[in-house]
file data16.cif (mmCIF, C-alpha atoms)
data_query
loop_
_atom_site.label_atom_id
_atom_site.label_comp_id
_atom_site.auth_asym_id
_atom_site.auth_seq_id
_atom_site.Cartn_x
_atom_site.Cartn_y
_atom_site.Cartn_z
CA MET Q 1 102.69 92.55 90.49
CA LYS Q 2 102.71 96.33 90.94
CA ILE Q 3 101.89 95.95 94.65
CA PHE Q 4 105.07 93.88 95.16
CA ALA Q 5 107.10 96.54 93.33
CA LYS Q 6 105.64 99.15 95.71
CA ILE Q 7 106.50 97.03 98.76
CA ARG Q 8 110.02 96.50 97.46
CA PHE Q 9 110.40 100.27 97.05
CA TYR Q 10 109.91 100.80 100.79
CA TYR Q 11 112.28 97.91 101.49
CA ALA Q 12 114.84 99.60 99.21
CA ALA Q 13 114.29 102.94 100.94
CA PHE Q 14 114.91 101.25 104.30
CA VAL Q 15 118.11 99.58 103.05
CA ILE Q 16 119.46 102.80 101.55
CA SER Q 17 118.59 104.92 104.60
CA SER Q 18 120.11 102.40 107.01
CA ILE Q 19 123.38 102.03 105.14
CA VAL Q 20 123.64 105.78 104.55
CA SER Q 21 123.31 106.27 108.33
CA LEU Q 22 126.02 103.68 108.95
CA MET Q 23 128.35 105.27 106.38
CA ILE Q 24 127.92 108.70 107.98
CA VAL Q 25 129.10 107.28 111.31
CA LEU Q 26 132.03 105.39 109.75
CA LEU Q 27 133.16 108.35 107.63
CA ASN Q 28 133.39 110.50 110.73
CA LEU Q 29 135.12 107.80 112.79
CA PHE Q 30 137.62 106.88 110.06
CA PRO Q 31 138.12 109.99 107.88
CA ASP Q 32 141.28 108.56 106.29
CA ARG Q 33 139.36 105.57 104.90
CA LYS Q 34 136.58 107.37 103.04
CA GLY Q 35 137.16 105.63 99.70
CA ARG Q 36 137.18 102.13 101.19
CA ILE Q 37 134.07 102.80 103.29
CA LEU Q 38 132.06 104.13 100.37
CA HIS Q 39 133.21 101.38 98.01
CA PHE Q 40 132.45 98.51 100.41
CA TRP Q 41 129.09 99.68 101.73
CA ASN Q 42 127.75 100.65 98.33
CA ARG Q 43 128.58 97.12 97.16
CA VAL Q 44 126.68 95.78 100.16
CA MET Q 45 123.77 98.06 99.32
CA LEU Q 46 123.52 96.77 95.76
CA ARG Q 47 123.53 93.17 96.98
CA LEU Q 48 120.76 93.87 99.47
CA LEU Q 49 118.75 95.56 96.73
CA GLY Q 50 119.10 92.39 94.66
CA ALA Q 51 120.66 94.12 91.67
CA LYS Q 52 122.51 92.10 89.04
CA ILE Q 53 125.35 93.93 87.30
CA GLU Q 54 126.93 93.43 83.90
CA VAL Q 55 130.04 95.51 83.18
CA VAL Q 56 131.30 96.23 79.68
CA GLY Q 57 134.78 97.68 79.26
CA ALA Q 58 136.90 99.06 82.07
CA PRO Q 59 137.69 102.49 83.49
CA ASP Q 60 140.93 104.08 82.34
CA GLU Q 61 143.40 104.36 85.20
CA ARG Q 62 144.30 107.86 84.04
CA ALA Q 63 140.70 109.08 84.33
CA GLN Q 64 140.30 112.27 86.37
CA LEU Q 65 136.72 113.17 85.46
CA PHE Q 66 133.84 110.67 85.21
CA LEU Q 67 130.76 111.70 83.21
CA MET Q 68 127.58 109.59 83.39
CA ASN Q 69 123.95 109.65 82.31
CA HIS Q 70 121.59 109.98 85.25
CA GLN Q 71 118.22 108.45 86.12
CA GLY Q 72 118.34 108.01 89.87
CA ILE Q 73 120.23 107.31 93.07
CA VAL Q 74 121.16 103.81 91.90
CA ASP Q 75 123.55 105.39 89.37
CA ILE Q 76 125.64 106.81 92.23
CA ILE Q 77 125.47 103.62 94.28
CA THR Q 78 126.54 101.56 91.27
CA LEU Q 79 129.58 103.63 90.32
CA GLU Q 80 130.72 103.85 93.94
CA ALA Q 81 130.38 100.09 94.22
CA LEU Q 82 132.30 99.35 91.03
CA LEU Q 83 135.17 101.82 91.30
CA ASP Q 84 137.78 101.30 93.97
CA LYS Q 85 138.46 105.04 93.96
CA ASN Q 86 137.66 107.85 96.34
CA LEU Q 87 135.38 109.77 93.98
CA ARG Q 88 134.40 113.35 94.69
CA TRP Q 89 130.90 113.96 93.34
CA VAL Q 90 129.63 117.34 92.18
CA ALA Q 91 126.11 117.93 93.52
CA LYS Q 92 123.76 120.89 93.73
CA LYS Q 93 123.73 122.78 97.01
CA GLU Q 94 120.12 121.78 97.76
CA LEU Q 95 121.12 118.11 98.11
CA PHE Q 96 123.47 118.99 100.95
CA GLU Q 97 120.42 120.27 102.85
CA VAL Q 98 118.47 117.00 102.52
CA PRO Q 99 118.33 115.08 105.85
CA TRP Q 100 120.70 112.10 106.04
CA PHE Q 101 121.79 112.18 102.40
CA GLY Q 102 123.06 115.73 102.77
CA LYS Q 103 125.02 114.69 105.85
CA LEU Q 104 126.58 111.85 103.85
CA LEU Q 105 127.66 114.28 101.12
CA SER Q 106 129.24 116.58 103.70
CA SER Q 107 130.94 113.75 105.59
CA ALA Q 108 132.39 112.39 102.34
CA GLU Q 109 133.61 115.90 101.36
CA MET Q 110 131.69 116.04 98.11
CA ILE Q 111 131.54 119.25 96.04
CA SER Q 112 128.59 121.59 96.51
CA VAL Q 113 127.47 123.84 93.65
CA ASP Q 114 125.08 126.76 94.03
CA ARG Q 115 123.43 127.17 90.64
CA GLU Q 116 121.86 130.49 91.65
CA ASP Q 117 125.20 132.09 92.54
CA ARG Q 118 127.19 133.60 89.66
CA ARG Q 119 130.35 132.84 91.61
CA GLY Q 120 129.42 129.15 91.65
CA LEU Q 121 131.67 128.32 88.69
CA ILE Q 122 134.66 129.99 90.36
CA LYS Q 123 134.07 127.93 93.51
CA LEU Q 124 133.68 124.79 91.40
CA MET Q 125 137.04 125.42 89.72
CA LYS Q 126 138.72 125.82 93.11
CA ASP Q 127 137.09 122.66 94.45
CA VAL Q 128 138.09 120.61 91.39
CA LYS Q 129 141.67 121.87 91.60
CA GLU Q 130 141.77 120.93 95.28
CA SER Q 131 140.34 117.49 94.46
CA LEU Q 132 142.95 116.74 91.81
CA GLU Q 133 146.05 118.37 93.25
CA ALA Q 134 145.66 118.21 97.02
CA MET Q 135 143.19 115.39 97.71
CA HIS Q 136 144.11 113.22 94.69
CA ARG Q 137 140.46 112.31 94.16
CA PRO Q 138 138.85 111.93 90.72
CA VAL Q 139 135.75 114.05 90.15
CA ALA Q 140 132.37 112.61 89.11
CA ILE Q 141 129.56 114.65 87.58
CA PHE Q 142 126.29 114.18 85.73
CA PRO Q 143 126.69 116.53 82.74
CA GLU Q 144 122.90 116.68 82.21
CA GLY Q 145 122.68 118.49 85.54
CA THR Q 146 119.56 116.60 86.65
CA ARG Q 147 117.81 113.25 86.28
CA SER Q 148 116.24 112.36 82.96
CA LYS Q 149 112.82 110.69 82.97
CA ASP Q 150 113.61 108.34 80.10
CA GLN Q 151 116.60 107.10 78.12
CA LYS Q 152 116.97 110.27 76.06
CA LEU Q 153 119.89 112.35 77.25
CA LEU Q 154 119.17 115.94 78.19
CA PRO Q 155 121.52 118.62 76.81
CA PHE Q 156 124.86 118.66 78.62
CA LYS Q 157 125.55 121.65 80.86
CA GLU Q 158 128.70 123.63 80.16
CA GLY Q 159 130.21 123.13 83.63
CA ALA Q 160 131.67 119.70 82.89
CA ARG Q 161 133.19 120.92 79.63
CA PHE Q 162 134.72 123.93 81.37
CA ILE Q 163 136.25 121.77 84.08
CA ALA Q 164 137.73 119.31 81.59
CA GLU Q 165 139.17 121.98 79.31
CA LYS Q 166 140.43 124.24 82.11
CA PHE Q 167 142.55 121.45 83.59
CA GLY Q 168 143.13 119.35 80.44
CA LEU Q 169 141.63 116.24 82.04
CA VAL Q 170 141.24 112.66 80.92
CA VAL Q 171 137.48 112.14 80.80
CA GLN Q 172 135.90 108.73 81.37
CA PRO Q 173 132.38 108.53 79.91
CA VAL Q 174 130.07 105.94 81.47
CA VAL Q 175 126.64 104.75 80.37
CA ILE Q 176 124.41 103.15 83.02
CA LEU Q 177 121.30 101.21 82.00
CA GLY Q 178 118.60 99.63 84.15
CA SER Q 179 118.89 101.74 87.29
CA LYS Q 180 115.12 102.30 87.37
CA SER Q 181 114.55 98.55 87.32
CA VAL Q 182 116.27 98.46 90.72
CA VAL Q 183 114.76 101.62 92.23
CA ASN Q 184 112.38 103.92 90.39
CA GLU Q 185 112.04 107.06 92.48
CA HIS Q 186 109.49 108.64 90.12
CA GLU Q 187 107.00 105.77 90.33
CA LYS Q 188 108.05 104.59 93.82
CA THR Q 189 108.68 101.02 92.67
CA ALA Q 190 111.65 98.68 92.99
CA GLY Q 191 112.69 95.21 91.91
CA ARG Q 192 115.54 92.77 91.47
CA GLY Q 193 116.64 94.62 88.37
CA ARG Q 194 119.56 94.17 86.03
CA LEU Q 195 122.12 96.91 85.60
CA LYS Q 196 124.44 97.32 82.65
CA VAL Q 197 127.44 99.62 83.06
CA ILE Q 198 129.42 100.53 79.95
CA PHE Q 199 132.79 102.25 80.19
CA LEU Q 200 133.30 104.03 76.87
CA PRO Q 201 136.73 104.96 75.48
CA PRO Q 202 138.27 107.83 77.48
CA VAL Q 203 138.83 111.29 76.03
CA ASP Q 204 142.09 113.11 76.71
CA VAL Q 205 140.77 116.66 76.50
CA SER Q 206 144.28 118.13 76.29
CA GLU Q 207 144.57 116.49 72.87
CA ALA Q 208 140.93 116.70 71.72
CA ASP Q 209 139.37 119.13 69.25
CA ASP Q 210 136.70 121.70 70.11
CA ALA Q 211 133.82 119.35 69.25
CA TRP Q 212 134.76 116.64 71.77
CA TYR Q 213 131.91 117.47 74.19
CA GLU Q 214 129.16 117.42 71.56
CA ARG Q 215 130.62 114.23 70.11
CA LEU Q 216 130.61 112.64 73.57
CA HIS Q 217 126.91 113.44 73.97
CA THR Q 218 126.20 111.82 70.60
CA THR Q 219 128.27 108.72 71.40
CA MET Q 220 126.60 108.23 74.76
CA GLN Q 221 123.13 108.61 73.24
CA GLU Q 222 123.92 106.16 70.43
CA THR Q 223 125.19 103.67 73.01
CA ILE Q 224 122.03 104.07 75.10
CA ASP Q 225 119.80 103.61 72.05
CA LYS Q 226 121.60 100.45 70.91
CA GLU Q 227 121.93 98.91 74.35
CA LYS Q 228 118.36 99.82 75.29
CA LEU Q 229 117.11 97.76 72.35
CA ASP Q 230 119.36 94.81 73.22
CA TYR Q 231 118.43 95.14 76.90
CA ALA Q 232 114.70 95.09 76.11
CA ILE Q 233 115.04 92.02 73.89
CA ASP Q 234 117.21 90.19 76.43
CA ARG Q 235 114.80 90.81 79.28
#

call {"tool": "encode", "arguments": {"input": "data16.cif", "output": "C-alpha cells"}}
result
Amino acid sequence: MKIFAKIRFYYAAFVISSIVSLMIVLLNLFPDRKGRILHFWNRVMLRLLGAKIEVVGAPDERAQLFLMNHQGIVDIITLEALLDKNLRWVAKKELFEVPWFGKLLSSAEMISVDREDRRGLIKLMKDVKESLEAMHRPVAIFPEGTRSKDQKLLPFKEGARFIAEKFGLVVQPVVILGSKSVVNEHEKTAGRGRLKVIFLPPVDVSEADDAWYERLHTTMQETIDKEKLDYAIDR
C-alpha cells in the first residue's frame, strides 16, 4: 500500500503545482478579486486531492487574527478553502524565494518576515496595521513558527502575542487534524485523507488577562489530544 501512497504524493504535487501556477496568473490578471480566486481554487485543490472535511464550530465574524497548529501545506489550503475571506498570511522570508510558491505569496500580497533581521518585528507591525486598516484583510499566522512533526504543539513564538496585544485583536484559534493523511511532505506520501477543522471560541485580547496566550496553547493542545484519540478510533 505504501507504493500507492508514494504515487499519490506525486499526483498531489502535480495538482498543487498546477493550481498554484493558475492562481498566480489569475491574481495578476484580476488583482481586485484575490480573495475569491484563492477561496475557489483552494476548494478545487482539496477536491482533486480527494480530501474529506469535517468542520466543528464556526469562525467568529469579528476575527482579525487566525492562529492555527501547523503540519503541512494542506493546513493553508484547507483554511483558504473554508474561509470566504481574503486572508493575509504571515510567512518567513525564505518562502517568498521558493519557485512558484514564493511567486504566489507575492502575487497574493502576503506578509514576509525576516527572522534574522532585528527590525523584522517593526516591519511586521506595519504590515499588520496596513492589513487591518487599509486592506481590511484578516491576518493568519502559525504561532509555532514552523511545522511540527507530530501532534504535540511546539512552544508559541511571541510574535503572534505581540500583534494581538498591540492592536487589541479578536483572535480566532483553529485546530486542524489529518492534514498529513492528505499530503505528508516529510514521508512523501499522500492519500484520500480525512480532515477535521475545529474553530475554538474566539479570544478578544482587548478584554483578556495576561495569561491568555499560554491558556490558548493549553486549550489547543488539549483539543488536539482529545480529537486525535477520537480520530484514531473513528478511522

call {"tool": "resolve_selection", "arguments": {"input": "data16.cif", "expression": "the PyMOL selection byres ((chain Q and resi 43) around 8)", "output": "list of chain:residue names"}}
result
Q:His39, Q:Phe40, Q:Trp41, Q:Asn42, Q:Val44, Q:Met45, Q:Leu46, Q:Arg47, Q:Ile77, Q:Thr78, Q:Glu80, Q:Ala81, Q:Leu82

call {"tool": "closest_residue", "arguments": {"input": "data16.cif", "among": "Q:Leu87, Q:Ile176, Q:Leu38, Q:Val183", "to": "Q:Phe66", "atoms": "all atoms listed in the file"}}
result
Q:Leu87

call {"tool": "residues_near_point", "arguments": {"input": "data16.cif", "point": "(140.2, 118.7, 94.5)", "cutoff": "10 Å", "atoms": "all atoms listed in the file", "output": "PyMOL selection string"}}
result
chain Q and resi 88+109-111+124-139

call {"tool": "closest_residue", "arguments": {"input": "data16.cif", "among": "Q:Glu214, Q:Glu207, Q:Glu54, Q:Asp84", "to": "Q:Ala160", "atoms": "all atoms listed in the file"}}
result
Q:Glu214

call {"tool": "resolve_selection", "arguments": {"input": "data16.cif", "expression": "the PyMOL selection byres ((chain Q and resi 27-36) around 7)", "output": "ChimeraX atom specification"}}
result
/Q:23-26,37-40,85-86,107-108

call {"tool": "axis_aligned_box", "arguments": {"input": "data16.cif", "around": "stretch 2-6 of chain Q", "padding_each_side": "5 Å", "output": "AutoDock Vina command-line options"}}
result
--center_x 104.5 --center_y 96.5 --center_z 93.3 --size_x 15.2 --size_y 15.3 --size_z 14.8

call {"tool": "closest_residue", "arguments": {"input": "data16.cif", "among": "Q:Gly193, Q:Gly178, Q:Gly145, Q:Pro202", "to": "Q:Asp75", "atoms": "all atoms listed in the file"}}
result
Q:Gly178
